[in-house]
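Single-structure report; data block below.
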Amino acid sequence: MGLEEKAGDMGIVTTSLEAAVNWGRTNAMWPMLFGLACCAIEMMASQASDYDLSRFGMEINRASPRQADLMIVAGRVSRKMAPVVRQLYDQMSDPKWVIAMGDCASCGGVYNNYAIVQGVDEIVPVDVYVAGCPPRPEALIHGIIMLHEKVRREKIGQYKAVDNRKPEAVRLDAEGRTVAMAERR
Amino acid sequence: MSVAQRPAPQLHAGVSATDVATANIRYPSSAEVVAAARQITVPSPRQVIEANARRAQSGTLDESMVLNMGPQHPSTHGVLRLVVELAGETVVQLAPDVGFLHTGIEKTMEAKNYQKAVVLTDRTDYLGPMINNLVYALAVEQLLDCQIPPRAQVARVLFSELTRINSYLVWLGTHALDLAAMSVFLYAFREREMLLDIFELTSGARMMTSYIRPGGLAYDLPVEFKPTVQHFLSLMPSRIDEYEALLTENPIWKERTVGVGILNAADALALGVTGANLRAAGVPYDVRKAFPYSGYENYDFQVITAQNGDVYDRYLVRIAEMREAVNIAQQALDNLPDGPYATSDRKIWPPPKEEITHSMESLIHHFKLWTEGFKPPVGDAYVTVESGRGELGCYVVSDGSNKPWRCHFRAPSFITLQAVPHMSKGNLIADLVASLASLDPVLGEVDR
Amino acid sequence: MALENAAVLERVQARFGQAVLGTGEFRGTLALQLRPDTLPDVAAFLREDPELQYILLANVCGVDYLGREPRFEVVYHFTSLMHNHRIALKVGADEDDPRVPSIAREFPTATFQEREVYDMFGIIFDGHPDLQRILMPEDWDGFPQRKTEPLVYEEVAFTFNHDEIDAQKPYAKE
C-alpha cells in the first residue's frame with residue numbers, strides 16, 4: 001500500500017545496492033541451532049508461540065552450520081565445549097554474526113571458575129551481547145533487532161571470498177584456550 | 001514388526017494409599033536385579049572406538065562404522081555427544097560422552113555461604129529450578145534441624161507441582177518436536193508462558209527464581225497469587241486433553257513409540273533409573289510417597305505406573321502425572337494457610353526489617369546473617385525429592401562453618417543416561433532419537 | 001514392614017563384624033564406615049539379603065576432607081524400596097594412593113558415578129571397566145574438586161583491576 005504511493009506506478013524502485021543487500025541479509029538471517037543451557041530454553045520460548053521469532057525471518061533454526069548465518073551462543077561454554085564452538089564458527093560461511101546471549105556467554109556469568117570460559121568472546125568475535133540470566137525473550141529480540149541495525153550499517157565489500165577449508169586460523173590448545181591466551185600465561 | 005504385533009501398552013491404576021508399604025505391590029526381587037546387572041555394561045567412548053578398531057583389524061567388521069552424533073545436534077536435548085557404532089541404520093553399540101556443559105557448580109558452591117549458594121542450584125536442572133532450590137533447602141534444613149511454617153510448606157508443594165508441569169511441558173514439546181510433531185511444541189510453550197508469568201509474579205524472575213531458600217520462601221506470596229494460579233489450574237486439564245487429542249491415538253505417534261526403547265524394571269533398577277522412566281516399567285517408586293517431604297503425606301494423589309516400559313508408556317505416564325500435578329496443586333492452593341512464610345528462628349532467617357530499629361538483638365541477628373550466614377552443626381545430610389526426571393538428591397556435608405564443605409547433587413539425568421546404550425543396542429537410529437527424548441535428560445544436571 | 005536403623009546395623013554387624021569400622025546416625029540416617037576392601041561384599045549383601053533388599057544404589061559421591069586421615073571418602077547411598085529405608089556406606093581413601101574397589105560391574109549405575117569421582121578427586125576404582133574422565137576434557141591435568149586445586153583462573157573484575165584484566169584477556173578478533 002505505501003510502496004505504490006511512493007514509487008509511482010511500481011515499475012522501477014531505486015535504492016543503493018548496499019541497502020538492498022543488507023536488507024536481504026537482515027530479513028532472512030537464519031540462526032544455527034546452538035542452545036547450550038538455560039538460555040536455550042528462553043531462546044526456544046522466543047521462537048515459540050508468545051514471542052515469535054519467525055516474524056523476524058528466523059523461522060527455521062538450521063542445524064547445519066554451513067547453512068546458518070547467525071550463531072546465538074545461548075548458555076555457558078565449558079572448557080570441553082570451547083573447541084567445538086570454534087569449529088562450528090569456522091564452518092559457518094561468511095557473512096556470519098554472533099550474538100552472545102546471556103551472562104555466561106558474555107562474561108562468564110554467575111560462574112567464575114575453572115570450568116567455564118569467561119565470555120565466549122575469548123573464542124569467537126561477538127557482535128551483540130545480550131545481558132540477563134536468562135535474558136527475557138523480549139531482551140533477546142531487542143538484541144536481534146540491534147544486530148539487524150548493525151548489519152544495515154555494514155559496508156558492501158566487507159566480506160571477501162574466503163576459502164573455508166583452510167586450516168583454522170585461531171587454534172585452540174588442549175584446555176580450550178586460544179593459543180594467544182596460552183602463550184601469554 | 002507391524003503395529004498389530006507389538007505388545008499393547010496398558011496403564012494400570014496407581015497406588016493411592018499414603019503408605020506404600022501396605023499396598024499390594026510387587027517390586028522386582030534382588031535376584032532379578034542382580035541377574036540384570038550382570039548383563040548390562042555402560043561403555044565409554046574409548047571402548048566403542050577401540051572395539052570397532054579391533055574388529056576392523058581382525059577383518060570381522062561387516063560394514064559397521066563409528067559415527068559421532070556430536071554435541072551440536074538437533075535432537076540430543078542439549079550438548080550430549082553420542083559415539084555410535086552403526087551397521088547401516090542399526091545401532092551396534094553406543095557410548096554417551098558428557099561433560100560439554102560441566103560448570104563446576106559443586107566446587108563453586110563450596111566457595112559461597114549457604115544462602116548465596118541457592119542461586120547456583122537453579123541452574124543445574126534448568127527446567128525445574130524450584131525443585132532444585134527445594135532439595136538444597138531441605139538438605140540444609142535437615143542439617144540445621146529447622147522447622148518450616150505451614151504456609152511455606154504448602155507453597156513449596158504448590159511450586160514443586162507447578163515446576164513439574166513446566167518441566168513436563170518442555171519435555172512434551174521437545175519430544176514431539178524430535179518426532180516431527182511440531183505443533184505440540186507451540187501449544188506446550190503457550191501454557192508454559194502462563195506458568196512463567198506466575199513465577200515472575202511471585203519471585204520476579206521467569207526461570208531462575210531462587211524462590212525456595214533454606215528457612216522458607218524468599219518473599220511472601222503476592223495478593224494476586226490465588227486468582228492467577230486458580231485460573232491456570234482451571235484451564236490446564238482441557239489443555240492436556242488437547243495434547244492427548246493430538247498424540248495419544250495418533251497412528252504415526254504410536255507407530256514410532258510403541259515397542260520402542262524398552263527398559264524393563266530389573267534393568268532400570270540395576271541402572272539406577274528412577275522417576276517416570278521407572279514407573280513406566282511397572283515399579284511404583286515415587287519419592288513423594290516413599291520419603292515424603294514438605295507435607296506430601298497429607299495430599300491425596302496416585303502413583304501412576306505402566307506395564308511395558310517403552311516410549312509410549314513413558315509418554316502416557318507423564319501425561320497422567322501432569323494431571324496429577326494439577327490435582328495436587330489444586331489441593332495445595334485450596335489449603336494454603338496464612339501465617340509466616342519463613343522460619344522464626346533468628347539464627348537462620350533474618351528478623352523483619354521494622355524490628356531492627358528498636359531491638360538490639362534483631363540488629364545483631366541481621367548483621368550476623370548478612371555478613372557471616374548461619375553455621376550448621378558438623379554432619380552430613382542426603383535428601384531426595386521427586387523432580388521431573390526422577391529422584392533428585394542433594395548431599396550436603398557441613399564442617400561447622402558458614403560455607404558448605406561439599407554439596408553434591410544426585411542428578412537423575414546423569415544416571416539415566418547410562419540406560420541409553422542398553423536400550424538402543426540392536427535397534428534403529430531413529431528409535432534412538434525417540435528413546436533419548438523419552439528419557440528426558442537435561443544436560444545441565446548431567447554435567448553440573 | 002518398616003526397617004529400623006538398629007535392626008539393619010545388627011544384621012550387617014552379625015555378618016561383617018570386622019568390616020564395619022564405625023557407625024553414625026545423623027538426623028535419622030544410618031552411616032556405616034567400612035574397610036575399603038570389604039565394600040563389594042557388603043554392598044552385595046545389602047542388596048541380596050531377603051530381610052534388607054537395598055536394590056537401588058542411589059548415589060555415589062566423593063568428599064575431600066583435607067587435613068583428616070584418610071583424606072578422601074567415597075559415600076554410597078542405598079535405598080530399599082520395599083521398606084522405604086535408606087542407608088549410607090562410607091569408604092575412606094588415602095591421600096598418597098587413593099584406591100577403592102569398584103562395584104561398577106555388579107551395580108552398573110555406578111559406572112558413570114565412579115568415573116565422575118575419579119575425574120573430580122583422582123580416586124582410582126580397581127576393577128572398573130574403563131576409568132576415563134567424564135566431565136573434564138580427556139587431556140585435562142589435575143583433579144578439580146580437590147580442596148588443593150584452585151577455583152578460578154581469572155579474578156573477578158572490579159573497577160580497580162578491570163583494565164589490567166582486560167589487557168590480559170585474549171579477545172578473538174576473527
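Following the order of the C-alpha cells, first chain is A, next is B, and so on, with residues numbered from 1 inside each chain and ligands from 1 in the order they appear.
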
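Set the cut-off at 8 Å, count only C-alpha atoms, and the residues of chain B near chain A turn out to be Pro71, Gln72, His73, Pro74, Gly78, Val79, Gly99, Phe100, Leu101, His102, Thr103, Gly104, Ile105, Thr108, Leu120, Arg123, Tyr126, Leu127, Phe185, Leu186, Tyr187, Phe189, Arg190, Glu193, Arg206, Met207, Met208, Leu443 and Gly444 of chain B.
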
Dump of N, CA and C atoms for the selected residues, as an mmCIF file, in the first residue's frame:
data_model
loop_
_atom_site.group_PDB
_atom_site.id
_atom_site.type_symbol
_atom_site.label_atom_id
_atom_site.label_comp_id
_atom_site.auth_asym_id
_atom_site.auth_seq_id
_atom_site.Cartn_x
_atom_site.Cartn_y
_atom_site.Cartn_z
ATOM 1 N N PRO B 71 28.110 -32.929 19.828
ATOM 2 C CA PRO B 71 27.435 -32.134 20.835
ATOM 3 C C PRO B 71 26.432 -31.149 20.257
ATOM 4 N N GLN B 72 26.612 -30.746 19.017
ATOM 5 C CA GLN B 72 25.622 -29.867 18.438
ATOM 6 C C GLN B 72 24.778 -30.694 17.477
ATOM 7 N N HIS B 73 23.583 -30.961 17.881
ATOM 8 C CA HIS B 73 22.725 -31.850 17.104
ATOM 9 C C HIS B 73 21.291 -31.473 17.419
ATOM 10 N N PRO B 74 20.409 -31.543 16.431
ATOM 11 C CA PRO B 74 19.034 -31.111 16.696
ATOM 12 C C PRO B 74 18.319 -31.916 17.758
ATOM 13 N N GLY B 78 20.355 -30.833 24.219
ATOM 14 C CA GLY B 78 21.450 -30.213 24.939
ATOM 15 C C GLY B 78 22.747 -30.752 24.378
ATOM 16 N N VAL B 79 23.857 -30.417 25.018
ATOM 17 C CA VAL B 79 25.141 -30.778 24.452
ATOM 18 C C VAL B 79 25.552 -32.162 24.910
ATOM 19 N N GLY B 99 29.884 -33.996 29.608
ATOM 20 C CA GLY B 99 30.905 -33.101 30.138
ATOM 21 C C GLY B 99 31.039 -31.826 29.347
ATOM 22 N N PHE B 100 30.199 -31.665 28.295
ATOM 23 C CA PHE B 100 30.322 -30.458 27.493
ATOM 24 C C PHE B 100 29.657 -29.268 28.157
ATOM 25 N N LEU B 101 28.971 -29.512 29.266
ATOM 26 C CA LEU B 101 28.343 -28.394 29.953
ATOM 27 C C LEU B 101 28.802 -28.348 31.401
ATOM 28 N N HIS B 102 29.954 -28.962 31.688
ATOM 29 C CA HIS B 102 30.411 -29.023 33.079
ATOM 30 C C HIS B 102 30.713 -27.621 33.575
ATOM 31 N N THR B 103 30.072 -27.242 34.652
ATOM 32 C CA THR B 103 30.138 -25.857 35.105
ATOM 33 C C THR B 103 30.864 -25.709 36.420
ATOM 34 N N GLY B 104 31.221 -26.825 37.043
ATOM 35 C CA GLY B 104 31.881 -26.689 38.335
ATOM 36 C C GLY B 104 30.973 -26.099 39.390
ATOM 37 N N ILE B 105 29.671 -26.389 39.312
ATOM 38 C CA ILE B 105 28.723 -25.803 40.269
ATOM 39 C C ILE B 105 29.032 -26.283 41.672
ATOM 40 N N THR B 108 31.996 -24.466 43.057
ATOM 41 C CA THR B 108 31.690 -23.051 43.270
ATOM 42 C C THR B 108 30.830 -22.877 44.511
ATOM 43 N N LEU B 120 23.043 -20.838 42.678
ATOM 44 C CA LEU B 120 23.650 -21.777 41.749
ATOM 45 C C LEU B 120 22.816 -23.031 41.566
ATOM 46 N N ARG B 123 20.468 -23.592 38.466
ATOM 47 C CA ARG B 123 20.985 -23.773 37.126
ATOM 48 C C ARG B 123 21.462 -25.178 36.820
ATOM 49 N N TYR B 126 17.846 -26.962 34.666
ATOM 50 C CA TYR B 126 17.251 -25.647 34.415
ATOM 51 C C TYR B 126 15.800 -25.710 33.988
ATOM 52 N N LEU B 127 15.226 -26.913 33.853
ATOM 53 C CA LEU B 127 13.799 -26.972 33.574
ATOM 54 C C LEU B 127 12.977 -27.061 34.845
ATOM 55 N N PHE B 185 4.756 -28.621 20.201
ATOM 56 C CA PHE B 185 5.776 -27.758 20.781
ATOM 57 C C PHE B 185 5.215 -26.365 21.011
ATOM 58 N N LEU B 186 4.498 -25.835 19.997
ATOM 59 C CA LEU B 186 3.956 -24.485 20.134
ATOM 60 C C LEU B 186 2.859 -24.439 21.186
ATOM 61 N N TYR B 187 2.031 -25.480 21.255
ATOM 62 C CA TYR B 187 0.974 -25.493 22.264
ATOM 63 C C TYR B 187 1.561 -25.562 23.671
ATOM 64 N N PHE B 189 4.437 -24.609 24.762
ATOM 65 C CA PHE B 189 5.083 -23.377 25.192
ATOM 66 C C PHE B 189 4.083 -22.271 25.450
ATOM 67 N N ARG B 190 2.915 -22.355 24.884
ATOM 68 C CA ARG B 190 1.868 -21.380 25.192
ATOM 69 C C ARG B 190 1.447 -21.521 26.651
ATOM 70 N N GLU B 193 4.128 -20.267 29.045
ATOM 71 C CA GLU B 193 4.183 -18.822 29.262
ATOM 72 C C GLU B 193 3.298 -18.420 30.430
ATOM 73 N N ARG B 206 11.544 -15.203 35.606
ATOM 74 C CA ARG B 206 10.776 -16.235 34.930
ATOM 75 C C ARG B 206 11.315 -17.618 35.236
ATOM 76 N N MET B 207 12.596 -17.802 35.065
ATOM 77 C CA MET B 207 13.121 -19.143 35.246
ATOM 78 C C MET B 207 13.933 -19.300 36.513
ATOM 79 N N MET B 208 15.042 -18.603 36.614
ATOM 80 C CA MET B 208 15.942 -18.845 37.737
ATOM 81 C C MET B 208 15.482 -18.040 38.927
ATOM 82 N N LEU B 443 20.890 -31.679 30.160
ATOM 83 C CA LEU B 443 22.331 -31.766 30.270
ATOM 84 C C LEU B 443 22.913 -30.859 31.350
ATOM 85 N N GLY B 444 22.173 -29.884 31.778
ATOM 86 C CA GLY B 444 22.672 -29.030 32.859
ATOM 87 C C GLY B 444 22.891 -29.825 34.129
#

Counting only C-alpha atoms, what are the residues of chain C within 7 Å of chain B, and for each of them which pair of atoms is the nearest and at what distance in Å, to one decimal? Sort the table by chain and rising number, as JSON lines.
{"residue": "C:Met1", "atom": "CA", "partner": "B:Ala21", "partner_atom": "CA", "distance": 6.6}
{"residue": "C:Phe26", "atom": "CA", "partner": "B:Gly379", "partner_atom": "CA", "distance": 6.8}
{"residue": "C:Arg27", "atom": "CA", "partner": "B:Gln142", "partner_atom": "CA", "distance": 6.9}
{"residue": "C:Arg47", "atom": "CA", "partner": "B:Ser30", "partner_atom": "CA", "distance": 6.2}
{"residue": "C:Glu48", "atom": "CA", "partner": "B:Ser30", "partner_atom": "CA", "distance": 5.5}
{"residue": "C:Gln53", "atom": "CA", "partner": "B:Ser30", "partner_atom": "CA", "distance": 6.4}
{"residue": "C:Ile55", "atom": "CA", "partner": "B:Ser30", "partner_atom": "CA", "distance": 5.9}
{"residue": "C:Leu56", "atom": "CA", "partner": "B:Leu269", "partner_atom": "CA", "distance": 6.0}
{"residue": "C:Leu57", "atom": "CA", "partner": "B:Gly272", "partner_atom": "CA", "distance": 6.3}
{"residue": "C:Ala58", "atom": "CA", "partner": "B:Gly272", "partner_atom": "CA", "distance": 6.4}
{"residue": "C:Asn59", "atom": "CA", "partner": "B:Arg410", "partner_atom": "CA", "distance": 6.0}
{"residue": "C:Val63", "atom": "CA", "partner": "B:Arg406", "partner_atom": "CA", "distance": 6.6}
{"residue": "C:Met82", "atom": "CA", "partner": "B:Ala21", "partner_atom": "CA", "distance": 6.7}
{"residue": "C:His83", "atom": "CA", "partner": "B:Ala21", "partner_atom": "CA", "distance": 6.8}
{"residue": "C:Asn84", "atom": "CA", "partner": "B:Ala290", "partner_atom": "CA", "distance": 5.5}
{"residue": "C:Arg105", "atom": "CA", "partner": "B:Arg38", "partner_atom": "CA", "distance": 6.8}
{"residue": "C:Glu106", "atom": "CA", "partner": "B:Ala37", "partner_atom": "CA", "distance": 5.9}
{"residue": "C:Phe107", "atom": "CA", "partner": "B:Ala37", "partner_atom": "CA", "distance": 6.0}
{"residue": "C:Pro108", "atom": "CA", "partner": "B:Leu271", "partner_atom": "CA", "distance": 5.4}
{"residue": "C:Thr109", "atom": "CA", "partner": "B:Leu271", "partner_atom": "CA", "distance": 4.2}
{"residue": "C:Thr111", "atom": "CA", "partner": "B:Val42", "partner_atom": "CA", "distance": 6.7}
{"residue": "C:Asp130", "atom": "CA", "partner": "B:Ser44", "partner_atom": "CA", "distance": 6.7}
{"residue": "C:Ile134", "atom": "CA", "partner": "B:Gly99", "partner_atom": "CA", "distance": 6.0}
{"residue": "C:Leu135", "atom": "CA", "partner": "B:Gly99", "partner_atom": "CA", "distance": 3.8}
{"residue": "C:Met136", "atom": "CA", "partner": "B:Gly99", "partner_atom": "CA", "distance": 6.0}
{"residue": "C:Gln145", "atom": "CA", "partner": "B:Lys107", "partner_atom": "CA", "distance": 6.0}

Run DSSP on the backbone of this structure and report the residues of segment 99-297 of chain B it assigns to strand (DSSP E), as a PyMOL selection string. chain B and resi 212-213+216-217

What residues in chain C lie within 7 Å of chain A, counting only C-alpha atoms, written as an MDAnalysis selection string? chainID C and resid 136:137 139:140 151:153 170:174

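Across C:Val8, C:Val117, C:Ala110, C:Ile103, the tightest approach to Ala88 of chain C is made by C:Val8 when counting only C-alpha atoms.
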
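Between atom CA of Val140 of chain B and atom CA of Thr163 of chain B the interatomic distance comes to 20.9 Å.
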
DSSP helix (DSSP H, G or I) residues within segment 65-94 of chain A, listed as JSON, numbers by chain: {"A": [65, 66, 67, 82, 83, 84, 85, 86, 87, 88, 89, 90, 91]}

Keeping only all heavy atoms, write the selected residues as a JSON list (two decimals), in the first residue's frame.
[["chain", "number", "residue", "atom", "x", "y", "z"],
["A", 65, "PRO", "N", 25.81, -25.94, 10.45],
["A", 65, "PRO", "CA", 26.41, -24.60, 10.45],
["A", 65, "PRO", "C", 26.66, -24.05, 9.06],
["A", 65, "PRO", "O", 26.73, -22.85, 8.87],
["A", 65, "PRO", "CB", 27.71, -24.78, 11.22],
["A", 65, "PRO", "CG", 27.97, -26.23, 11.24],
["A", 65, "PRO", "CD", 26.66, -26.91, 11.11],
["A", 66, "ARG", "N", 26.76, -24.92, 8.08],
["A", 66, "ARG", "CA", 27.03, -24.43, 6.73],
["A", 66, "ARG", "C", 25.88, -23.62, 6.19],
["A", 66, "ARG", "O", 26.05, -22.82, 5.30],
["A", 66, "ARG", "CB", 27.26, -25.62, 5.78],
["A", 66, "ARG", "CG", 28.39, -26.52, 6.20],
["A", 66, "ARG", "CD", 29.62, -26.21, 5.40],
["A", 66, "ARG", "NE", 30.68, -27.16, 5.71],
["A", 66, "ARG", "CZ", 31.90, -26.80, 6.05],
["A", 66, "ARG", "NH1", 32.21, -25.54, 6.14],
["A", 66, "ARG", "NH2", 32.81, -27.71, 6.31],
["A", 67, "GLN", "N", 24.68, -23.87, 6.71],
["A", 67, "GLN", "CA", 23.51, -23.18, 6.17],
["A", 67, "GLN", "C", 23.03, -22.07, 7.06],
["A", 67, "GLN", "O", 21.98, -21.51, 6.81],
["A", 67, "GLN", "CB", 22.39, -24.19, 5.99],
["A", 67, "GLN", "CG", 22.75, -25.27, 5.02],
["A", 67, "GLN", "CD", 21.76, -26.40, 5.06],
["A", 67, "GLN", "OE1", 20.86, -26.41, 5.88],
["A", 67, "GLN", "NE2", 21.94, -27.36, 4.18],
["A", 82, "ALA", "N", 34.59, -25.58, 24.29],
["A", 82, "ALA", "CA", 35.18, -24.44, 23.59],
["A", 82, "ALA", "C", 35.72, -24.79, 22.19],
["A", 82, "ALA", "O", 35.42, -24.06, 21.23],
["A", 82, "ALA", "CB", 36.28, -23.81, 24.44],
["A", 83, "PRO", "N", 36.47, -25.88, 22.02],
["A", 83, "PRO", "CA", 36.92, -26.18, 20.65],
["A", 83, "PRO", "C", 35.77, -26.47, 19.70],
["A", 83, "PRO", "O", 35.87, -26.18, 18.50],
["A", 83, "PRO", "CB", 37.79, -27.43, 20.83],
["A", 83, "PRO", "CG", 38.10, -27.54, 22.25],
["A", 83, "PRO", "CD", 37.01, -26.85, 22.98],
["A", 84, "VAL", "N", 34.70, -27.01, 20.24],
["A", 84, "VAL", "CA", 33.54, -27.30, 19.39],
["A", 84, "VAL", "C", 32.90, -26.01, 18.91],
["A", 84, "VAL", "O", 32.52, -25.88, 17.73],
["A", 84, "VAL", "CB", 32.53, -28.15, 20.19],
["A", 84, "VAL", "CG1", 31.31, -28.45, 19.36],
["A", 84, "VAL", "CG2", 33.18, -29.43, 20.64],
["A", 85, "VAL", "N", 32.79, -25.03, 19.81],
["A", 85, "VAL", "CA", 32.22, -23.73, 19.42],
["A", 85, "VAL", "C", 33.05, -23.11, 18.31],
["A", 85, "VAL", "O", 32.52, -22.61, 17.30],
["A", 85, "VAL", "CB", 32.17, -22.77, 20.63],
["A", 85, "VAL", "CG1", 31.72, -21.39, 20.23],
["A", 85, "VAL", "CG2", 31.26, -23.32, 21.69],
["A", 86, "ARG", "N", 34.38, -23.17, 18.48],
["A", 86, "ARG", "CA", 35.25, -22.56, 17.48],
["A", 86, "ARG", "C", 35.13, -23.29, 16.15],
["A", 86, "ARG", "O", 35.07, -22.68, 15.07],
["A", 86, "ARG", "CB", 36.70, -22.60, 17.98],
["A", 86, "ARG", "CG", 37.66, -21.95, 17.05],
["A", 86, "ARG", "CD", 37.47, -20.46, 17.00],
["A", 86, "ARG", "NE", 37.80, -19.96, 15.69],
["A", 86, "ARG", "CZ", 37.80, -18.69, 15.35],
["A", 86, "ARG", "NH1", 37.47, -17.78, 16.24],
["A", 86, "ARG", "NH2", 38.11, -18.30, 14.15],
["A", 87, "GLN", "N", 35.03, -24.61, 16.20],
["A", 87, "GLN", "CA", 34.94, -25.37, 14.96],
["A", 87, "GLN", "C", 33.62, -25.06, 14.24],
["A", 87, "GLN", "O", 33.59, -24.92, 13.02],
["A", 87, "GLN", "CB", 35.02, -26.86, 15.28],
["A", 87, "GLN", "CG", 35.18, -27.71, 14.06],
["A", 87, "GLN", "CD", 35.45, -29.15, 14.42],
["A", 87, "GLN", "OE1", 35.17, -29.61, 15.52],
["A", 87, "GLN", "NE2", 36.00, -29.88, 13.49],
["A", 88, "LEU", "N", 32.54, -24.94, 15.00],
["A", 88, "LEU", "CA", 31.27, -24.62, 14.37],
["A", 88, "LEU", "C", 31.30, -23.22, 13.77],
["A", 88, "LEU", "O", 30.77, -23.00, 12.68],
["A", 88, "LEU", "CB", 30.15, -24.70, 15.41],
["A", 88, "LEU", "CG", 29.79, -26.12, 15.83],
["A", 88, "LEU", "CD1", 28.91, -26.08, 17.04],
["A", 88, "LEU", "CD2", 29.08, -26.82, 14.70],
["A", 89, "TYR", "N", 31.94, -22.29, 14.49],
["A", 89, "TYR", "CA", 32.02, -20.94, 13.95],
["A", 89, "TYR", "C", 32.81, -20.92, 12.64],
["A", 89, "TYR", "O", 32.45, -20.25, 11.69],
["A", 89, "TYR", "CB", 32.68, -20.02, 14.99],
["A", 89, "TYR", "CG", 32.85, -18.61, 14.51],
["A", 89, "TYR", "CD1", 31.78, -17.74, 14.43],
["A", 89, "TYR", "CD2", 34.10, -18.14, 14.12],
["A", 89, "TYR", "CE1", 31.93, -16.45, 13.99],
["A", 89, "TYR", "CE2", 34.27, -16.84, 13.68],
["A", 89, "TYR", "CZ", 33.18, -16.01, 13.61],
["A", 89, "TYR", "OH", 33.33, -14.73, 13.16],
["A", 90, "ASP", "N", 33.88, -21.72, 12.61],
["A", 90, "ASP", "CA", 34.68, -21.76, 11.38],
["A", 90, "ASP", "C", 33.92, -22.40, 10.24],
["A", 90, "ASP", "O", 34.13, -22.07, 9.08],
["A", 90, "ASP", "CB", 35.96, -22.56, 11.62],
["A", 90, "ASP", "CG", 36.95, -21.79, 12.46],
["A", 90, "ASP", "OD1", 36.91, -20.55, 12.42],
["A", 90, "ASP", "OD2", 37.75, -22.43, 13.15],
["A", 91, "GLN", "N", 33.02, -23.31, 10.55],
["A", 91, "GLN", "CA", 32.29, -23.98, 9.49],
["A", 91, "GLN", "C", 31.20, -23.11, 8.89],
["A", 91, "GLN", "O", 30.74, -23.39, 7.79],
["A", 91, "GLN", "CB", 31.65, -25.26, 10.03],
["A", 91, "GLN", "CG", 32.63, -26.37, 10.23],
["A", 91, "GLN", "CD", 31.95, -27.62, 10.72],
["A", 91, "GLN", "OE1", 30.99, -27.56, 11.49],
["A", 91, "GLN", "NE2", 32.42, -28.75, 10.29]]

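Among the candidates C:Ala93, C:Leu81, C:Met120, C:Leu9, the residue lying nearest to Glu149 of chain C is C:Met120 (atoms considered: only C-alpha atoms).
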
Name the residues in contact with segment 141-155 of chain A at a cut-off of 6 Å, using only C-alpha atoms, excluding same-chain residues fewer than 6 positions from it; report them as a list in words. Asn22, Thr26 and Val130 of chain A

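Counting only C-alpha atoms, Gly282 of chain B has the following residues at most 6 Å away, ignoring those fewer than 6 positions along the same chain: Thr305, Ala306 and Gln307 of chain B.
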
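From atom CA of Asp52 of chain A back to atom CA of Ala105 of chain A, the distance works out to 22.8 Å.
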
Separation of atom CA of Trp30 of chain A from atom CA of Ser106 of chain A, in Å and rounded to one decimal: 21.1 Å
